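Chemist: This is the structure I have questions about; it appears just below.
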Amino acid sequence: MPVRPVIVFMCLALLRAHPAAAQASGSALMTGTVLTAITITGSDLSFGNVMSSDSKRVAAPLGGRFVVTMAAATPVTIAYALPASLGPQVTLSAWELLSNSVNDGATAQAIPVGALNGSFTASTPTGSLYLWVGATVTTANAGVGSYSQPITLTVTYN
Amino acid sequence: MRIMPRLVVGLAALLVAASAGRAQSIQVTGIQGVSFGGMVPGISKAVSRTDALNAARFDIKGAGSGRTVQLQFSLPAALTGPGGASLPLSYTSGDAGFSAQQSIGNQTGFDPRTAFIATLSASGRGSVFLGCRASPAANQPSGSYSATLTLTVAYVL
């Protein structure tokens, strides 16, 4: 019976020649959240009629208002650029900024305004943020006419 | 002449024993996937493979030292979100990296779109990292998006 060992050898050699090719896989979840697009609408800070040499203040709750809509509970940076004047001999000062997550200027929180250009971080549980702007206009022998300058608000997700 | 068959069987058995000694076990663990965090519609966002917080990471545990393995990703083309909304993903040649030291700061970059041959460490370990870019459309629906990323690792015989 010399054939049997040869067959055994061939079978075992075949096993040796083709070991099982091991491989393994692992998985992980890729994730992201698309945030609500930010929108900003604004209404004017109006001083009304002012005498040629005068000083008039409009408090923030009665002044200009911005409404920002964004993702709820998501921090944003709000940058503001305030004008120093409305024109020759018509200066602006004592800027006041209030913020609230509901449309109520009376309960809004004051945002410190240290300079004409600045920024602060905000977040709102409602997805809406209301901002009120007030300032004092001072005229010194200003010419008769209508004056205006833009207030710019830039909101970006952090 | 009776001794010859026994010798042959004995040699064959040794071969099998040697083969069995080269255990082929390997383990791949997905530690974390790519995390894009918050994305703004219309603005693409990239995650680097060197970003420890947000890059994907897979740990490999093999048998033996210094074994050569083939890495092959199954890459999703998009994240899926609310109502089946699709958010495209893209990959570039250097978006994946391998580290035998399992260190995110010590990677060899490679193209995740093609198979890559890597050598495990002396202890049979290695880590694979992945970054990529997500490109939400301007009108991309808001909400949570996800996709499954798979890495397959095979010994190179």
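Note on naming: chains are A, B, ... as they come in the structure tokens, residues start from 1 per chain, ligands start from 1 in the order shown.
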Please provide as a ChimeraX atom specification all residues within 8 Å of segment 63-71 of chain B, with the sequence filter that same-chain residues fewer than 3 positions apart are discarded (counting only C-alpha atoms).
Modeler: /B:22-26,115-124,151-156
Chemist: If you keep C-alpha atoms, can you produce a file of those selected residues as a tab-separated table (two decimals), in the first residue's frame?
Modeler:
```tsv
chain	number	residue	atom	x	y	z
B	22	ARG	CA	1.37	31.17	11.22
B	23	ALA	CA	-2.00	32.14	12.60
B	24	GLN	CA	-3.85	34.46	10.20
B	25	SER	CA	-6.11	36.20	12.68
B	26	ILE	CA	-6.59	39.93	12.27
B	115	ALA	CA	-5.83	49.73	-2.08
B	116	PHE	CA	-2.70	50.42	-0.05
B	117	ILE	CA	-0.05	47.99	1.16
B	118	ALA	CA	1.17	48.62	4.71
B	119	THR	CA	3.43	46.86	7.19
B	120	LEU	CA	2.19	46.33	10.72
B	121	SER	CA	4.45	47.02	13.69
B	122	ALA	CA	6.56	44.42	15.44
B	123	SER	CA	3.65	43.88	17.78
B	124	GLY	CA	1.26	43.42	14.85
B	151	LEU	CA	-12.09	49.47	6.12
B	152	THR	CA	-11.10	45.96	5.08
B	153	VAL	CA	-7.67	44.67	6.00
B	154	ALA	CA	-6.21	41.49	4.48
B	155	TYR	CA	-2.86	39.81	4.86
B	156	VAL	CA	-0.74	39.87	1.76
```
Chemist: Distance cut-off 6 Å, counting only C-alpha atoms - which residues of chain B neighbour chain A? Return them as a PyMOL selection string.
Modeler: chain B and resi 5+9+12+16+24+27-30+32-40+142-154
Chemist: How many Å separate atom CA of Gln89 of chain A from atom CA of Ser55 of chain A?
Modeler: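 Here the two named atoms are 11.5 Å from each other.
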Chemist: Rank B:Ser74, B:Ser127, B:Ser90, B:Gln140 by their smallest atom-to-atom distance to Gly105 of chain B, using only C-alpha atoms, and report the top residue only.
Modeler: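 Selected residue with least distance to Gly105 of chain B: B:Ser127.
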Chemist: Nearest to Val113 of chain A: which of A:Gly42, A:Gly134, A:Gly64, A:Gly127 is it, counting only C-alpha atoms?
Modeler: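 Using only C-alpha atoms, Val113 of chain A sits closest to A:Gly134.
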Chemist: So that I can check the surroundings of Ala94 of chain A, please list as a count of residues only every protein, DNA and RNA residue that reaches within 12 Å of it, counting only C-alpha atoms and ignoring chain neighbours fewer than 4 positions away.
Modeler: 21
Chemist: Neighbours of Phe129 of chain B within 8 Å (only C-alpha atoms; same-chain residues fewer than 5 positions away dropped), as a PDB file with C-alpha atoms, in the first residue's frame?
Modeler:
```pdb
ATOM      1  CA  ARG B  49      -6.663  63.033   8.573  1.00  0.00           C
ATOM      2  CA  THR B  50      -4.429  64.680  11.199  1.00  0.00           C
ATOM      3  CA  ALA B  55     -10.776  62.356  11.517  1.00  0.00           C
ATOM      4  CA  ALA B  56     -11.812  58.712  11.204  1.00  0.00           C
ATOM      5  CA  ARG B  57      -9.611  56.168  12.955  1.00  0.00           C
ATOM      6  CA  PHE B  58      -9.362  52.393  12.661  1.00  0.00           C
ATOM      7  CA  ALA B  96      -5.868  58.606   4.244  1.00  0.00           C
ATOM      8  CA  GLY B  97      -2.892  57.793   6.412  1.00  0.00           C
ATOM      9  CA  PHE B  98      -1.331  54.704   7.989  1.00  0.00           C
ATOM     10  CA  ILE B 104      -1.894  60.386  14.354  1.00  0.00           C
TER      11      ILE B 104
END
```
Chemist: Which residues, written as an MDAnalysis selection string, have at least one atom at most 8 Å from Thr39 of chain A, with only C-alpha atoms counted and residues fewer than 4 positions away on the same chain left out?
Modeler: chainID A and resid 68:70
Chemist: Give me the residues near Arg113 of chain B as a ChimeraX atom specification, where near means some atom within 12 Å (using only C-alpha atoms) and where sequence neighbours in that chain fewer than 6 positions away do not count.
Modeler: /B:71-77,90-96,130,132,151
Chemist: Select from segment 90-143 of chain A everything DSSP, run on the backbone, classes as strand (DSSP E), then give the selection as a tab-separated table (two decimals) with N, CA and C atoms, in the first residue's frame.
Modeler:
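Below you can see selection.tsv, which holds the result:
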```tsv
chain	number	residue	atom	x	y	z
A	90	VAL	N	-22.48	116.05	12.21
A	90	VAL	CA	-23.56	115.20	12.76
A	90	VAL	C	-22.90	113.92	13.29
A	91	THR	N	-22.55	113.94	14.54
A	91	THR	CA	-21.81	112.81	15.11
A	91	THR	C	-22.75	111.87	15.89
A	92	LEU	N	-22.28	110.65	15.98
A	92	LEU	CA	-23.02	109.63	16.74
A	92	LEU	C	-22.14	109.15	17.89
A	93	SER	N	-22.76	108.87	19.01
A	93	SER	CA	-22.00	108.42	20.18
A	93	SER	C	-22.91	107.61	21.11
A	94	ALA	N	-22.31	107.16	22.19
A	94	ALA	CA	-23.04	106.42	23.24
A	94	ALA	C	-23.90	105.29	22.67
A	95	TRP	N	-23.24	104.48	21.85
A	95	TRP	CA	-23.98	103.36	21.25
A	95	TRP	C	-24.45	102.37	22.30
A	96	GLU	N	-25.61	101.83	22.08
A	96	GLU	CA	-26.21	100.88	23.02
A	96	GLU	C	-26.73	99.69	22.21
A	97	LEU	N	-26.43	98.49	22.71
A	97	LEU	CA	-26.84	97.27	22.00
A	97	LEU	C	-27.50	96.33	22.99
A	98	LEU	N	-28.68	95.86	22.65
A	98	LEU	CA	-29.41	94.92	23.50
A	98	LEU	C	-29.69	93.64	22.73
A	99	SER	N	-29.76	92.53	23.45
A	99	SER	CA	-29.98	91.23	22.80
A	99	SER	C	-31.01	90.42	23.58
A	100	ASN	N	-31.84	89.69	22.85
A	100	ASN	CA	-32.83	88.83	23.50
A	100	ASN	C	-33.23	87.70	22.55
A	109	GLN	N	-30.86	91.82	27.22
A	109	GLN	CA	-29.59	92.00	27.93
A	109	GLN	C	-28.72	92.98	27.16
A	110	ALA	N	-27.97	93.79	27.91
A	110	ALA	CA	-27.07	94.76	27.29
A	110	ALA	C	-25.80	94.07	26.83
A	111	ILE	N	-25.38	94.44	25.61
A	111	ILE	CA	-24.10	93.96	25.08
A	111	ILE	C	-23.12	95.14	25.17
A	117	ASN	N	-16.35	99.11	16.00
A	117	ASN	CA	-16.30	97.78	15.39
A	117	ASN	C	-16.00	96.76	16.48
A	118	GLY	N	-16.85	95.78	16.61
A	118	GLY	CA	-16.64	94.77	17.65
A	118	GLY	C	-17.43	93.52	17.34
A	119	SER	N	-17.35	92.57	18.24
A	119	SER	CA	-18.09	91.32	18.05
A	119	SER	C	-18.37	90.67	19.39
A	120	PHE	N	-19.33	89.79	19.38
A	120	PHE	CA	-19.64	89.03	20.57
A	120	PHE	C	-20.22	87.68	20.14
A	121	THR	N	-20.21	86.74	21.08
A	121	THR	CA	-20.74	85.40	20.81
A	121	THR	C	-22.14	85.28	21.39
A	122	ALA	N	-23.02	84.64	20.64
A	122	ALA	CA	-24.39	84.48	21.12
A	122	ALA	C	-24.93	83.10	20.73
A	128	SER	N	-34.07	82.19	17.09
A	128	SER	CA	-34.23	83.60	16.72
A	128	SER	C	-33.49	84.47	17.72
A	129	LEU	N	-32.89	85.52	17.22
A	129	LEU	CA	-32.20	86.45	18.10
A	129	LEU	C	-32.61	87.87	17.70
A	130	TYR	N	-32.98	88.65	18.69
A	130	TYR	CA	-33.41	90.03	18.45
A	130	TYR	C	-32.37	90.97	19.03
A	131	LEU	N	-32.00	91.94	18.23
A	131	LEU	CA	-31.00	92.93	18.67
A	131	LEU	C	-31.57	94.33	18.47
A	132	TRP	N	-31.38	95.17	19.47
A	132	TRP	CA	-31.83	96.56	19.40
A	132	TRP	C	-30.62	97.48	19.49
A	133	VAL	N	-30.68	98.54	18.74
A	133	VAL	CA	-29.55	99.46	18.68
A	133	VAL	C	-30.04	100.87	18.99
A	134	GLY	N	-29.32	101.52	19.89
A	134	GLY	CA	-29.62	102.92	20.22
A	134	GLY	C	-28.35	103.73	20.20
A	135	ALA	N	-28.49	105.04	20.10
A	135	ALA	CA	-27.32	105.92	20.08
A	135	ALA	C	-27.76	107.36	20.32
A	136	THR	N	-26.78	108.22	20.46
A	136	THR	CA	-27.04	109.65	20.61
A	136	THR	C	-26.48	110.37	19.38
A	137	VAL	N	-27.29	111.24	18.79
A	137	VAL	CA	-26.82	112.04	17.67
A	137	VAL	C	-26.60	113.47	18.17
A	138	THR	N	-25.49	114.07	17.77
A	138	THR	CA	-25.15	115.42	18.18
A	138	THR	C	-24.85	116.26	16.94
A	139	THR	N	-25.55	117.34	16.81
A	139	THR	CA	-25.32	118.24	15.67
A	139	THR	C	-24.67	119.51	16.17
```
Chemist: What does the distance between atom CA of Val102 of chain A and atom CA of Ala72 of chain A come to in Å, to one decimal place?
Modeler: 12.6 Å
Chemist: Would you mind listing what lies within 12 Å of Pro88 of chain A as a list in words, with only C-alpha atoms counted and same-chain residues fewer than 4 positions away left out?
Modeler: Ser52, Ala84, Leu92, Thr138, Thr139, Ala140, Asn141, Ala142, Gly143, Val144, Gly145, Ser146, Tyr147, Ser148 and Gln149 of chain A
Chemist: So what do you get for atom CA of Ser44 of chain B versus atom CA of Ala134 of chain B, distance-wise?
Modeler: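 Taking atom CA of Ser44 of chain B and atom CA of Ala134 of chain B, their separation equals 5.6 Å.
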Chemist: Given the choices A:Tyr80, A:Val155, A:Phe66, A:Asn103, which gets closest to Ser43 of chain A if the distance is worked out from only C-alpha atoms?
Modeler: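 Between A:Tyr80, A:Val155, A:Phe66, A:Asn103, the residue approaching Ser43 of chain A most closely is A:Phe66.
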